[in-house]
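**Q** I'm passing along data24.cif; it holds mmCIF, C-alpha atoms.
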data_protein
loop_
_atom_site.label_atom_id
_atom_site.label_comp_id
_atom_site.auth_asym_id
_atom_site.auth_seq_id
_atom_site.Cartn_x
_atom_site.Cartn_y
_atom_site.Cartn_z
CA MET A 19 0.00 0.00 0.00
CA ILE A 20 1.36 3.41 -1.00
CA ASP A 21 2.23 5.79 1.83
CA ALA A 22 1.83 9.36 0.60
CA ARG A 23 4.44 10.88 2.89
CA ASP A 24 7.03 8.24 2.04
CA GLN A 25 6.35 8.85 -1.64
CA ILE A 26 6.78 12.61 -1.24
CA GLU A 27 10.11 12.17 0.54
CA ARG A 28 11.22 9.72 -2.12
CA LEU A 29 10.52 12.13 -4.98
CA VAL A 30 12.01 15.13 -3.16
CA GLY A 31 15.15 13.02 -2.77
CA PHE A 32 15.76 13.65 -6.47
CA GLU A 33 17.09 17.14 -5.89
CA ASN A 34 17.07 19.78 -8.62
CA ARG A 35 14.55 17.98 -10.81
CA GLN A 36 13.99 20.98 -13.06
CA ALA A 37 12.84 20.41 -16.61
CA GLY A 38 15.59 18.89 -18.70
CA THR A 39 17.90 17.86 -15.86
CA ASP A 40 19.42 14.50 -15.05
CA ALA A 41 17.54 14.52 -11.73
CA GLU A 42 14.25 14.88 -13.58
CA ARG A 43 15.18 11.92 -15.78
CA ARG A 44 16.11 9.77 -12.78
CA ALA A 45 12.87 10.69 -11.02
CA ALA A 46 10.93 9.64 -14.13
CA ASN A 47 12.66 6.26 -14.26
CA ASP A 48 11.93 5.73 -10.56
CA LEU A 49 8.24 6.51 -11.08
CA ALA A 50 8.10 4.04 -13.96
CA ALA A 51 9.67 1.36 -11.76
CA GLN A 52 7.11 2.02 -9.02
CA LEU A 53 4.25 1.72 -11.49
CA ARG A 54 5.57 -1.62 -12.65
CA GLY A 55 5.67 -2.64 -8.99
CA LEU A 56 1.91 -1.94 -8.93
CA ASP A 57 1.51 -4.40 -11.84
CA ARG A 58 0.85 -1.59 -14.29
CA ASP A 59 2.54 -1.06 -17.60
CA ALA A 60 4.78 2.01 -17.63
CA GLU A 61 6.65 3.81 -20.36
CA VAL A 62 9.01 6.76 -20.21
CA GLU A 63 8.34 8.86 -23.29
CA PRO A 64 11.17 11.26 -24.22
CA ILE A 65 10.33 14.80 -25.34
CA VAL A 66 12.29 17.88 -26.34
CA VAL A 67 11.41 21.14 -24.58
CA ARG A 68 12.57 24.72 -24.28
CA PRO A 69 12.10 25.47 -20.58
CA ARG A 70 13.92 28.81 -20.19
CA TRP A 71 10.86 31.04 -19.97
CA TYR A 72 12.69 33.58 -17.83
CA ILE A 73 15.24 34.27 -20.58
CA ALA A 74 12.43 34.69 -23.10
CA HIS A 75 10.69 37.22 -20.86
CA LEU A 76 13.96 39.07 -20.23
CA ILE A 77 14.18 39.53 -24.00
CA HIS A 78 10.54 40.63 -24.18
CA ALA A 79 11.04 43.18 -21.39
CA LEU A 80 14.19 44.63 -22.97
CA LEU A 81 12.46 44.92 -26.37
CA ALA A 82 9.47 46.69 -24.84
CA ILE A 83 11.61 49.06 -22.75
CA ALA A 84 13.71 49.94 -25.80
CA GLY A 85 10.55 50.48 -27.85
CA SER A 86 9.14 52.76 -25.17
CA ALA A 87 12.27 54.93 -25.15
CA ILE A 88 12.55 55.05 -28.94
CA SER A 89 8.86 55.89 -29.46
CA VAL A 90 9.32 59.35 -27.93
CA ASN A 91 11.36 60.41 -30.98
CA ASN A 92 10.38 57.75 -33.51
CA ALA A 93 6.85 56.49 -32.88
CA LEU A 94 6.87 53.99 -35.75
CA ALA A 95 10.09 52.21 -34.75
CA GLY A 96 9.11 52.21 -31.08
CA THR A 97 5.65 50.82 -31.78
CA ILE A 98 7.09 48.03 -33.91
CA LEU A 99 9.46 46.96 -31.12
CA VAL A 100 6.72 47.02 -28.48
CA ALA A 101 4.32 45.16 -30.79
CA VAL A 102 6.88 42.41 -31.36
CA ALA A 103 7.41 42.16 -27.60
CA ALA A 104 3.63 42.03 -26.98
CA ILE A 105 2.98 39.30 -29.55
CA ALA A 106 5.90 37.22 -28.31
CA THR A 107 4.91 37.67 -24.66
CA ILE A 108 1.26 36.66 -25.15
CA GLY A 109 2.28 33.77 -27.38
CA ASP A 110 4.70 32.48 -24.75
CA ILE A 111 2.46 32.91 -21.70
CA THR A 112 -0.50 31.20 -23.35
CA GLY A 113 1.70 28.51 -24.92
CA ARG A 114 0.21 29.18 -28.35
CA LEU A 115 3.24 30.80 -30.01
CA PRO A 116 6.42 30.62 -27.89
CA ILE A 117 8.60 32.02 -30.66
CA THR A 118 11.26 33.63 -28.47
CA ARG A 119 12.07 30.31 -26.83
CA LEU A 120 13.40 29.09 -30.16
CA ILE A 121 16.63 30.96 -29.36
CA THR A 122 16.87 29.86 -25.71
CA GLY A 123 18.09 26.30 -26.27
CA ARG A 124 16.55 22.83 -26.12
CA ARG A 125 16.56 20.28 -23.33
CA ALA A 126 15.55 16.62 -23.13
CA SER A 127 12.67 15.83 -20.79
CA GLN A 128 10.16 12.99 -20.51
CA ASN A 129 6.67 11.95 -19.47
CA VAL A 130 5.86 8.79 -17.54
CA VAL A 131 2.78 7.08 -18.94
CA SER A 132 0.80 4.08 -17.71
CA THR A 133 -2.28 2.92 -19.62
CA GLU A 134 -5.09 0.40 -19.33
CA ARG A 135 -6.50 -0.91 -22.58
CA THR A 136 -9.69 -2.88 -22.07
CA SER A 137 -13.11 -2.89 -23.66
CA ARG A 138 -14.29 0.01 -21.49
CA PRO A 139 -15.55 2.85 -23.68
CA GLY A 140 -13.96 5.79 -21.84
CA THR A 141 -10.58 6.90 -20.54
CA LEU A 142 -9.88 8.75 -17.29
CA ILE A 143 -6.40 10.29 -17.28
CA LEU A 144 -4.99 11.05 -13.83
CA SER A 145 -2.17 13.54 -14.22
CA ALA A 146 0.41 15.18 -11.97
CA HIS A 147 3.71 16.81 -12.79
CA TYR A 148 6.85 15.60 -11.08
CA ASP A 149 9.31 18.33 -12.11
CA THR A 150 10.06 21.27 -9.86
CA ALA A 151 10.49 25.00 -10.38
CA ARG A 152 13.23 27.55 -9.89
CA GLY A 153 12.92 29.82 -6.89
CA GLY A 154 13.53 33.54 -6.69
CA ALA A 155 12.47 36.72 -4.94
CA ALA A 156 9.39 36.96 -7.18
CA TYR A 157 7.86 34.09 -5.20
CA GLY A 158 8.30 35.65 -1.77
CA LYS A 159 6.62 38.79 -0.44
CA THR A 160 5.74 39.92 -3.96
CA ASP A 161 3.73 36.74 -4.50
CA GLU A 162 1.97 37.20 -1.15
CA LEU A 163 1.05 40.81 -1.98
CA ARG A 164 -0.30 39.76 -5.37
CA ALA A 165 -2.47 37.08 -3.74
CA ALA A 166 -3.74 39.54 -1.12
CA LEU A 167 -4.59 42.15 -3.78
CA GLY A 168 -6.41 39.54 -5.86
CA HIS A 169 -8.39 38.51 -2.79
CA ARG A 170 -9.44 42.12 -2.15
CA LEU A 171 -10.41 42.62 -5.79
CA LYS A 172 -12.23 39.26 -5.78
CA ARG A 173 -10.30 38.38 -8.92
CA PRO A 174 -7.12 36.27 -8.75
CA ILE A 175 -4.08 37.94 -10.31
CA GLY A 176 -1.86 35.52 -12.18
CA PRO A 177 1.92 35.73 -11.83
CA ALA A 178 2.31 36.68 -15.48
CA GLU A 179 -0.47 39.27 -15.59
CA PRO A 180 1.35 42.42 -14.36
CA PHE A 181 4.10 41.76 -16.89
CA ALA A 182 1.78 41.03 -19.81
CA TRP A 183 -0.69 43.84 -19.16
CA SER A 184 2.20 46.31 -18.78
CA ILE A 185 3.45 45.47 -22.25
CA LEU A 186 -0.06 45.74 -23.70
CA LEU A 187 -0.61 49.12 -22.01
CA LEU A 188 2.74 50.26 -23.32
CA LEU A 189 1.71 49.16 -26.81
CA ALA A 190 -1.48 51.23 -26.54
CA ALA A 191 0.59 54.26 -25.53
CA THR A 192 3.03 53.91 -28.43
CA ILE A 193 0.16 53.44 -30.88
CA ALA A 194 -1.33 56.66 -29.53
CA ARG A 195 1.99 58.41 -30.27
CA LEU A 196 1.96 56.91 -33.73
CA ALA A 197 -1.50 58.40 -34.23
CA GLY A 198 -0.11 61.83 -33.42
CA LEU A 199 -1.12 62.17 -29.78
CA ASP A 200 1.26 63.63 -27.22
CA GLY A 201 1.28 65.44 -23.91
CA PRO A 202 1.89 64.94 -20.18
CA LEU A 203 -1.02 62.52 -19.71
CA LEU A 204 0.22 60.17 -22.42
CA SER A 205 3.75 60.39 -21.05
CA ALA A 206 2.47 59.44 -17.59
CA VAL A 207 0.48 56.52 -18.99
CA GLN A 208 3.56 55.30 -20.84
CA PHE A 209 5.87 55.83 -17.87
CA VAL A 210 4.04 53.49 -15.48
CA PRO A 211 4.26 50.24 -17.51
CA THR A 212 7.81 51.10 -18.53
CA VAL A 213 8.80 51.27 -14.86
CA VAL A 214 7.01 47.97 -14.16
CA LEU A 215 9.03 46.31 -16.92
CA ILE A 216 12.29 47.83 -15.68
CA VAL A 217 11.52 46.49 -12.18
CA SER A 218 10.79 43.06 -13.66
CA LEU A 219 14.35 42.74 -15.04
CA PRO A 220 16.09 41.98 -11.72
CA TYR A 221 13.27 39.62 -10.74
CA LEU A 222 13.65 37.65 -13.97
CA ALA A 223 17.43 37.66 -13.63
CA ASP A 224 17.05 36.38 -10.07
CA VAL A 225 14.92 33.46 -11.27
CA ALA A 226 17.57 32.68 -13.90
CA LEU A 227 20.27 32.60 -11.21
CA SER A 228 18.23 30.70 -8.59
CA GLY A 229 18.32 26.98 -8.04
CA ALA A 230 15.46 24.51 -7.93
CA VAL A 231 13.14 24.35 -4.92
CA PRO A 232 12.46 20.99 -3.21
CA GLY A 233 8.91 20.77 -4.58
CA ALA A 234 7.32 18.69 -1.81
CA ASN A 235 3.94 20.34 -2.20
CA ASP A 236 4.52 21.40 -5.80
CA ASN A 237 4.15 18.71 -6.84
CA ALA A 238 5.37 15.60 -5.06
CA SER A 239 2.07 15.79 -3.15
CA GLY A 240 0.14 15.48 -6.41
CA VAL A 241 2.26 12.57 -7.62
CA ALA A 242 1.74 10.71 -4.34
CA THR A 243 -2.03 11.29 -4.51
CA VAL A 244 -2.28 10.06 -8.11
CA LEU A 245 -0.32 6.92 -7.22
CA ARG A 246 -2.76 6.25 -4.35
CA LEU A 247 -5.72 6.80 -6.67
CA ALA A 248 -4.23 4.46 -9.27
CA GLU A 249 -3.72 1.78 -6.63
CA ARG A 250 -7.35 2.13 -5.58
CA TYR A 251 -9.13 2.47 -8.92
CA GLY A 252 -6.96 0.64 -11.44
CA GLU A 253 -9.16 -1.72 -13.51
CA THR A 254 -12.11 -1.28 -11.13
CA LEU A 255 -14.28 1.35 -12.86
CA ASP A 256 -17.30 0.30 -14.88
CA HIS A 257 -16.96 2.62 -17.85
CA LEU A 258 -13.46 4.08 -17.79
CA ASP A 259 -9.91 2.84 -18.16
CA VAL A 260 -7.56 4.63 -15.77
CA TRP A 261 -4.45 6.07 -17.38
CA LEU A 262 -1.67 7.85 -15.53
CA VAL A 263 0.41 10.64 -17.01
CA PHE A 264 3.20 12.03 -14.86
CA THR A 265 4.39 15.03 -16.79
CA GLY A 266 7.84 16.51 -16.95
CA ALA A 267 8.53 20.13 -17.85
CA GLN A 268 5.23 21.38 -16.45
CA GLU A 269 6.67 24.32 -14.55
CA PRO A 270 7.90 26.10 -17.73
CA GLY A 271 4.33 26.14 -19.10
CA ALA A 272 2.81 22.63 -19.21
CA LEU A 273 5.31 21.60 -21.90
CA GLY A 274 5.18 17.92 -20.97
CA MET A 275 1.39 17.64 -21.20
CA THR A 276 1.33 19.66 -24.41
CA ALA A 277 3.89 17.32 -25.99
CA TRP A 278 2.02 14.23 -24.77
CA LEU A 279 -1.31 15.41 -26.13
CA ARG A 280 0.28 16.20 -29.47
CA ARG A 281 1.91 12.77 -29.67
CA HIS A 282 -1.26 10.87 -28.73
CA LYS A 283 -3.92 13.03 -30.36
CA GLY A 284 -4.97 10.13 -32.57
CA GLU A 285 -5.76 7.98 -29.52
CA LEU A 286 -7.61 10.60 -27.46
CA ASP A 287 -11.25 11.10 -28.33
CA PRO A 288 -12.52 14.28 -26.65
CA GLU A 289 -15.95 12.65 -26.40
CA SER A 290 -14.68 9.80 -24.23
CA THR A 291 -11.56 11.15 -22.51
CA ILE A 292 -11.39 13.06 -19.20
CA VAL A 293 -8.31 14.54 -17.51
CA LEU A 294 -8.21 14.86 -13.72
CA ASN A 295 -5.13 16.86 -12.79
CA VAL A 296 -3.82 16.92 -9.20
CA ASP A 297 -1.47 19.76 -8.28
CA GLU A 298 -0.27 21.08 -4.91
CA VAL A 299 -2.44 19.18 -2.42
CA GLY A 300 -0.26 19.31 0.68
CA HIS A 301 -1.68 22.39 2.47
CA GLY A 302 -5.13 23.72 3.25
CA THR A 303 -8.58 22.80 1.97
CA ILE A 304 -9.86 21.70 -1.42
CA ARG A 305 -10.00 23.99 -4.43
CA TYR A 306 -11.31 22.97 -7.86
CA ALA A 307 -10.66 25.14 -10.88
CA THR A 308 -13.84 26.11 -12.70
CA LYS A 309 -11.77 28.43 -14.90
CA GLU A 310 -8.11 28.12 -15.77
CA GLY A 311 -5.70 30.26 -17.74
CA PRO A 312 -2.75 32.63 -17.27
CA LEU A 313 -4.42 35.76 -18.73
CA THR A 314 -7.96 35.02 -19.82
CA ALA A 315 -9.45 32.00 -18.06
CA PRO A 316 -11.77 29.80 -20.13
CA ARG A 317 -14.33 27.69 -18.30
CA GLN A 318 -13.43 24.13 -17.58
CA HIS A 319 -15.81 21.30 -18.43
CA ARG A 320 -19.26 22.07 -16.99
CA GLN A 321 -20.12 18.50 -16.05
CA LEU A 322 -16.89 18.10 -14.13
CA THR A 323 -17.30 21.38 -12.28
CA SER A 324 -20.93 20.54 -11.48
CA LEU A 325 -19.84 17.21 -9.96
CA CYS A 326 -17.33 19.10 -7.81
CA ASP A 327 -20.09 21.53 -6.84
CA GLN A 328 -22.24 18.58 -5.79
CA ILE A 329 -19.52 17.15 -3.55
CA ALA A 330 -18.92 20.58 -2.01
CA GLU A 331 -22.65 21.13 -1.36
CA GLU A 332 -23.13 17.69 0.20
CA ASP A 333 -20.10 18.33 2.40
CA ALA A 334 -21.25 21.80 3.51
CA GLY A 335 -22.58 20.59 6.85
CA GLU A 336 -19.72 18.17 7.52
CA GLY A 337 -16.66 20.28 6.69
CA ARG A 338 -14.51 17.40 5.52
CA TYR A 339 -13.11 19.17 2.47
CA GLY A 340 -13.82 22.91 2.73
CA ALA A 341 -14.09 22.69 -1.05
CA ARG A 342 -14.83 25.72 -3.19
CA PRO A 343 -14.35 26.78 -6.80
CA VAL A 344 -11.48 29.00 -7.89
CA THR A 345 -10.09 30.57 -11.03
CA ALA A 346 -6.61 29.14 -11.55
CA ARG A 347 -4.12 31.56 -13.07
CA HIS A 348 -1.33 29.04 -13.58
CA PRO A 349 -1.24 27.32 -17.00
CA GLY A 350 -1.29 23.75 -15.71
CA ASP A 351 -1.86 20.38 -17.31
CA ALA A 352 -5.66 20.69 -17.25
CA TYR A 353 -5.35 24.02 -19.07
CA ALA A 354 -3.27 22.34 -21.77
CA ALA A 355 -5.83 19.53 -22.14
CA ARG A 356 -8.82 21.87 -22.21
CA ALA A 357 -7.14 24.02 -24.86
CA ARG A 358 -7.24 20.93 -27.08
CA GLY A 359 -10.90 20.22 -26.44
CA ILE A 360 -10.52 17.49 -23.81
CA PRO A 361 -12.67 17.75 -20.65
CA ALA A 362 -10.34 18.49 -17.75
CA ILE A 363 -10.22 19.87 -14.23
CA THR A 364 -7.54 20.58 -11.64
CA ILE A 365 -7.88 19.68 -7.96
CA SER A 366 -5.60 21.44 -5.49
CA THR A 367 -5.55 22.67 -1.90
CA ALA A 368 -4.92 26.17 -0.58
CA GLY A 369 -5.31 28.51 2.36
CA ALA A 370 -7.44 31.60 2.94
CA LEU A 371 -5.97 33.59 0.02
CA ASP A 372 -6.28 30.60 -2.34
CA ARG A 373 -2.50 30.41 -2.29
CA ALA A 374 -0.25 27.53 -1.32
CA PRO A 375 2.34 28.52 1.28
CA HIS A 376 6.00 28.15 0.26
CA HIS A 377 5.03 28.13 -3.43
CA HIS A 378 8.30 27.98 -5.39
CA ARG A 379 10.25 28.63 -2.19
CA PRO A 380 13.10 26.67 -0.56
CA ALA A 381 10.77 25.98 2.38
CA ASP A 382 8.61 23.67 0.22
CA THR A 383 9.97 20.61 2.02
CA PRO A 384 8.34 17.36 3.20
CA ASP A 385 8.17 18.48 6.84
CA GLN A 386 5.82 21.31 5.76
CA ILE A 387 3.28 18.89 4.28
CA ASP A 388 -0.03 18.54 6.12
CA ASP A 389 -1.19 14.90 6.23
CA GLN A 390 -4.80 16.01 6.68
CA ALA A 391 -4.64 18.02 3.45
CA LEU A 392 -3.28 14.98 1.61
CA ASP A 393 -6.13 12.88 2.99
CA ARG A 394 -8.71 15.53 1.98
CA ALA A 395 -7.39 15.57 -1.57
CA PHE A 396 -7.36 11.78 -1.84
CA ARG A 397 -10.92 11.43 -0.54
CA PHE A 398 -12.26 14.30 -2.64
CA CYS A 399 -10.66 12.91 -5.80
CA SER A 400 -12.01 9.46 -4.92
CA GLU A 401 -15.55 10.79 -4.68
CA LEU A 402 -15.09 12.70 -7.92
CA ILE A 403 -13.78 9.64 -9.78
CA GLU A 404 -16.73 7.55 -8.61
CA LEU A 405 -19.19 10.25 -9.68
CA ILE A 406 -17.50 10.57 -13.08
CA ASP A 407 -17.84 6.83 -13.58
CA GLU A 408 -21.45 6.85 -12.35
CA ARG A 409 -22.73 9.99 -14.11
CA ILE A 410 -20.55 10.61 -17.17
CA GLY A 411 -19.48 7.01 -17.78
CA PRO A 412 -22.92 5.81 -18.97
CA GLU A 413 -23.14 8.76 -21.39
CA ILE A 414 -19.76 7.80 -22.86
CA ALA A 415 -20.88 4.16 -23.12
CA ALA A 416 -24.17 5.12 -24.82
CA ALA A 417 -22.35 7.32 -27.32
CA ALA A 418 -19.89 4.50 -28.05
CA ASP A 419 -22.74 2.03 -28.63
CA GLU A 420 -24.44 4.50 -30.94
CA ARG A 421 -21.27 4.97 -32.98
CA ALA A 422 -20.73 1.21 -33.14
CA SER A 423 -24.26 0.58 -34.39
CA PHE A 424 -24.17 3.35 -36.96
CA THR A 425 -23.60 2.13 -40.49
CA PRO A 426 -23.25 4.77 -43.22
CA SER A 427 -25.64 4.28 -46.10
#
Can you present the structure in this file as structure tokens?
**A**
Amino acid sequence: MIDARDQIERLVGFENRQAGTDAERRAANDLAAQLRGLDRDAEVEPIVVRPRWYIAHLIHALLAIAGSAISVNNALAGTILVAVAAIATIGDITGRLPITRLITGRRASQNVVSTERTSRPGTLILSAHYDTARGGAAYGKTDELRAALGHRLKRPIGPAEPFAWSILLLLAATIARLAGLDGPLLSAVQFVPTVVLIVSLPYLADVALSGAVPGANDNASGVATVLRLAERYGETLDHLDVWLVFTGAQEPGALGMTAWLRRHKGELDPESTIVLNVDEVGHGTIRYATKEGPLTAPRQHRQLTSLCDQIAEEDAGEGRYGARPVTARHPGDAYAARARGIPAITISTAGALDRAPHHHRPADTPDQIDDQALDRAFRFCSELIELIDERIGPEIAAAADERASFTPS
């Protein structure tokens, strides 16, 4: 029987498991060996990634700052530079067009995949990333202030939002100059985002120079929970095969999940596939992401969120989970799946500000993990899996029967 705390300590023992490192590779091989010990098939699938997001954003910031300065005397040249920075920034943050990363170098990473292939009509993919992030001053007091401000505004502020919106505001200001506008008000509007971008430079440089954090909560806790769920539900559901995908290179923008979905797109039918992502479940009470995205946040699958709502409502008088919906501003594995039309949802835990303590900090160690939070996450995910099989499973089976019986004339 899998012990969650032992599993967390085991994964954290692979120090510096950033995307593309030898430690990440060794952690992947260890996970595959553990899956085989559970009598599951397991394959380590190699991928090529470009994980240096901080270098890309340093380039974007420098381009935008230069464009801002140049636009005062040459509005056309300045606007072009800021526009290039804006397009590249949005493309990178959303994962749709990470063009700047093409010059930041490639690294080898991998996903660990375990499948069941029976006659069941549907597939439930349990996912958790096993890589860890770089630290840096941006994840200390600044991160706490951002969470507190988002709580006051009743709108979560993603870590990339101040940077991205500053470049877009700067672009609006330079376009105004290009249109012939000028004056103190425009200069003030342009000055503010320029200062924000200048301030971002040392923060980005600090991330580039920082080492990897231990990653006990983010996301050894998720890996341990998925392993427990696999042990419990493997080959036991009525309508769904249970697949496991432990993704590498998630921290640089869900690169592992994106690569896996691209590789297996021919096998994954959006009508019969569901992704349940588990991320940071070692502190606090349950959160389920009804919306997820780094800038704009599209809704996650309505049936999945309604099932989570049902569990939360039924638990209201008991207080086992403290579950409530959130908007997730981190582009995680469920975000990557949903962007490709696959029903997905992320389950996590958090405190009062919907923030995990020690996020991307050196203090994210196994001794900081709360066993009660791990148990909450396991039990909540268990209830959700059973409801998915009970409520959505028959719909998937009926649709499969209908397709099987359909004969084109």
**Q** Applied to this file, what does the PyMOL selection byres ((chain A and resi 20) around 9) return in terms of residues, put as a ChimeraX atom specification?
**A** /A:19,21-25,242,245-246,249
**Q** Give me the result of the PyMOL selection byres ((chain A and resi 201-216) around 6) on this file, residue by residue, as an MDAnalysis selection string.
**A** chainID A and resid 79 184 188 191 200 217:219
**Q** What would the selection look like, as a list in words, if the PyMOL selection byres ((chain A and resi 173) around 12) were run on the coordinates I just shared?
**A**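 The output of the PyMOL selection byres ((chain A and resi 173) around 12) on this file is Arg164, Ala165, Ala166, Leu167, Gly168, His169, Arg170, Leu171, Lys172, Pro174, Ile175, Gly176, Glu179, Lys309, Leu313, Thr314, Ala315, Val344, Thr345, Ala346, Arg347, Leu371 and Asp372 of chain A.
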**Q** Keeping only C-alpha atoms, take the residues you just selected and write them out as a PDB file, keeping the file's coordinate frame.
**A**
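And here's out.pdb as it stands now:
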ATOM      1  CA  ARG A 164      -0.300  39.760  -5.370  1.00  0.00           C
ATOM      2  CA  ALA A 165      -2.470  37.080  -3.740  1.00  0.00           C
ATOM      3  CA  ALA A 166      -3.740  39.540  -1.120  1.00  0.00           C
ATOM      4  CA  LEU A 167      -4.590  42.150  -3.780  1.00  0.00           C
ATOM      5  CA  GLY A 168      -6.410  39.540  -5.860  1.00  0.00           C
ATOM      6  CA  HIS A 169      -8.390  38.510  -2.790  1.00  0.00           C
ATOM      7  CA  ARG A 170      -9.440  42.120  -2.150  1.00  0.00           C
ATOM      8  CA  LEU A 171     -10.410  42.620  -5.790  1.00  0.00           C
ATOM      9  CA  LYS A 172     -12.230  39.260  -5.780  1.00  0.00           C
ATOM     10  CA  PRO A 174      -7.120  36.270  -8.750  1.00  0.00           C
ATOM     11  CA  ILE A 175      -4.080  37.940 -10.310  1.00  0.00           C
ATOM     12  CA  GLY A 176      -1.860  35.520 -12.180  1.00  0.00           C
ATOM     13  CA  GLU A 179      -0.470  39.270 -15.590  1.00  0.00           C
ATOM     14  CA  LYS A 309     -11.770  28.430 -14.900  1.00  0.00           C
ATOM     15  CA  LEU A 313      -4.420  35.760 -18.730  1.00  0.00           C
ATOM     16  CA  THR A 314      -7.960  35.020 -19.820  1.00  0.00           C
ATOM     17  CA  ALA A 315      -9.450  32.000 -18.060  1.00  0.00           C
ATOM     18  CA  VAL A 344     -11.480  29.000  -7.890  1.00  0.00           C
ATOM     19  CA  THR A 345     -10.090  30.570 -11.030  1.00  0.00           C
ATOM     20  CA  ALA A 346      -6.610  29.140 -11.550  1.00  0.00           C
ATOM     21  CA  ARG A 347      -4.120  31.560 -13.070  1.00  0.00           C
ATOM     22  CA  LEU A 371      -5.970  33.590   0.020  1.00  0.00           C
ATOM     23  CA  ASP A 372      -6.280  30.600  -2.340  1.00  0.00           C
TER      24      ASP A 372
END
**Q** Take CA of Ala41 in chain A and CA of Val67 in chain A and report the distance between them in Å, one decimal.
**A** 15.7 Å
**Q** At a cut-off of 6 Å, using only C-alpha atoms, what residues contact Leu294 in chain A? Leave out same-chain residues fewer than 4 positions from it and give the result as a ChimeraX atom specification.
**A** /A:144,362-363
**Q** Skipping near chain neighbours, those fewer than 2 positions away, what residues fall within 9 Å of Gly140 in chain A using all atoms listed in the file, listed as a list of chain:residue names?
**A**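 The residues satisfying every condition are A:Ser137, A:Arg138, A:Leu142, A:His257, A:Leu258, A:Asp259, A:Val260, A:Asp287, A:Glu289, A:Ser290, A:Thr291, A:Ile292, A:Gly411, A:Ile414, A:Ala415, A:Ala418.
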**Q** Any chance you could export the current selection's C-alpha atoms as a PDB file, in the coordinates of the input?
**A**
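again_19.pdb was written with the following content:
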ATOM      1  CA  SER A 137     -13.110  -2.890 -23.660  1.00  0.00           C
ATOM      2  CA  ARG A 138     -14.290   0.010 -21.490  1.00  0.00           C
ATOM      3  CA  LEU A 142      -9.880   8.750 -17.290  1.00  0.00           C
ATOM      4  CA  HIS A 257     -16.960   2.620 -17.850  1.00  0.00           C
ATOM      5  CA  LEU A 258     -13.460   4.080 -17.790  1.00  0.00           C
ATOM      6  CA  ASP A 259      -9.910   2.840 -18.160  1.00  0.00           C
ATOM      7  CA  VAL A 260      -7.560   4.630 -15.770  1.00  0.00           C
ATOM      8  CA  ASP A 287     -11.250  11.100 -28.330  1.00  0.00           C
ATOM      9  CA  GLU A 289     -15.950  12.650 -26.400  1.00  0.00           C
ATOM     10  CA  SER A 290     -14.680   9.800 -24.230  1.00  0.00           C
ATOM     11  CA  THR A 291     -11.560  11.150 -22.510  1.00  0.00           C
ATOM     12  CA  ILE A 292     -11.390  13.060 -19.200  1.00  0.00           C
ATOM     13  CA  GLY A 411     -19.480   7.010 -17.780  1.00  0.00           C
ATOM     14  CA  ILE A 414     -19.760   7.800 -22.860  1.00  0.00           C
ATOM     15  CA  ALA A 415     -20.880   4.160 -23.120  1.00  0.00           C
ATOM     16  CA  ALA A 418     -19.890   4.500 -28.050  1.00  0.00           C
TER      17      ALA A 418
END
**Q** Would you kindly return, as a PyMOL selection string, each protein, DNA or RNA residue with an atom no farther than 9 Å from any atom of Ser366 in chain A, considering all atoms listed in the file and excluding same-chain residues fewer than 6 positions away?
**A** chain A and resi 240+295-301+303-307+395
**Q** In Å, with one decimal, what is the gap from CA of His378 in chain A to CA of Ala106 in chain A?
**A**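 Separating CA of His378 in chain A from CA of Ala106 in chain A is a distance of 24.8 Å.
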**Q** Tell me, as a PDB file with C-alpha atoms, keeping the file's coordinate frame, which residues lie within 12 Å of Ala381 in chain A, counting only C-alpha atoms; anything in the same chain fewer than 2 positions away does not count.
**A**
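Result went into selection33.pdb, see below:
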ATOM      1  CA  GLY A 153      12.920  29.820  -6.890  1.00  0.00           C
ATOM      2  CA  TYR A 157       7.860  34.090  -5.200  1.00  0.00           C
ATOM      3  CA  GLY A 158       8.300  35.650  -1.770  1.00  0.00           C
ATOM      4  CA  ALA A 230      15.460  24.510  -7.930  1.00  0.00           C
ATOM      5  CA  VAL A 231      13.140  24.350  -4.920  1.00  0.00           C
ATOM      6  CA  PRO A 232      12.460  20.990  -3.210  1.00  0.00           C
ATOM      7  CA  GLY A 233       8.910  20.770  -4.580  1.00  0.00           C
ATOM      8  CA  ALA A 234       7.320  18.690  -1.810  1.00  0.00           C
ATOM      9  CA  ASN A 235       3.940  20.340  -2.200  1.00  0.00           C
ATOM     10  CA  ASP A 236       4.520  21.400  -5.800  1.00  0.00           C
ATOM     11  CA  ALA A 374      -0.250  27.530  -1.320  1.00  0.00           C
ATOM     12  CA  PRO A 375       2.340  28.520   1.280  1.00  0.00           C
ATOM     13  CA  HIS A 376       6.000  28.150   0.260  1.00  0.00           C
ATOM     14  CA  HIS A 377       5.030  28.130  -3.430  1.00  0.00           C
ATOM     15  CA  HIS A 378       8.300  27.980  -5.390  1.00  0.00           C
ATOM     16  CA  ARG A 379      10.250  28.630  -2.190  1.00  0.00           C
ATOM     17  CA  THR A 383       9.970  20.610   2.020  1.00  0.00           C
ATOM     18  CA  PRO A 384       8.340  17.360   3.200  1.00  0.00           C
ATOM     19  CA  ASP A 385       8.170  18.480   6.840  1.00  0.00           C
ATOM     20  CA  GLN A 386       5.820  21.310   5.760  1.00  0.00           C
ATOM     21  CA  ILE A 387       3.280  18.890   4.280  1.00  0.00           C
TER      22      ILE A 387
END
**Q** Go through A:Thr276, A:Gln328, A:Thr308, A:Gln36 and flag the residue nearest Arg114 in chain A, using all atoms listed in the file for the distances.
**A** A:Thr276
**Q** Need to verify the contact set: range 147-150 of chain A, 7 Å, all atoms listed in the file, exclusion of same-chain residues closer than 3 positions in sequence. Can you return it as a list of chain:residue names?
**A** A:Arg35, A:Gln36, A:Ala37, A:Glu42, A:Ala230, A:Val231, A:Gly233, A:Asp236, A:Asn237, A:Ala238, A:Val241, A:Phe264, A:Thr265, A:Gly266, A:Ala267, A:Gln268, A:Glu269
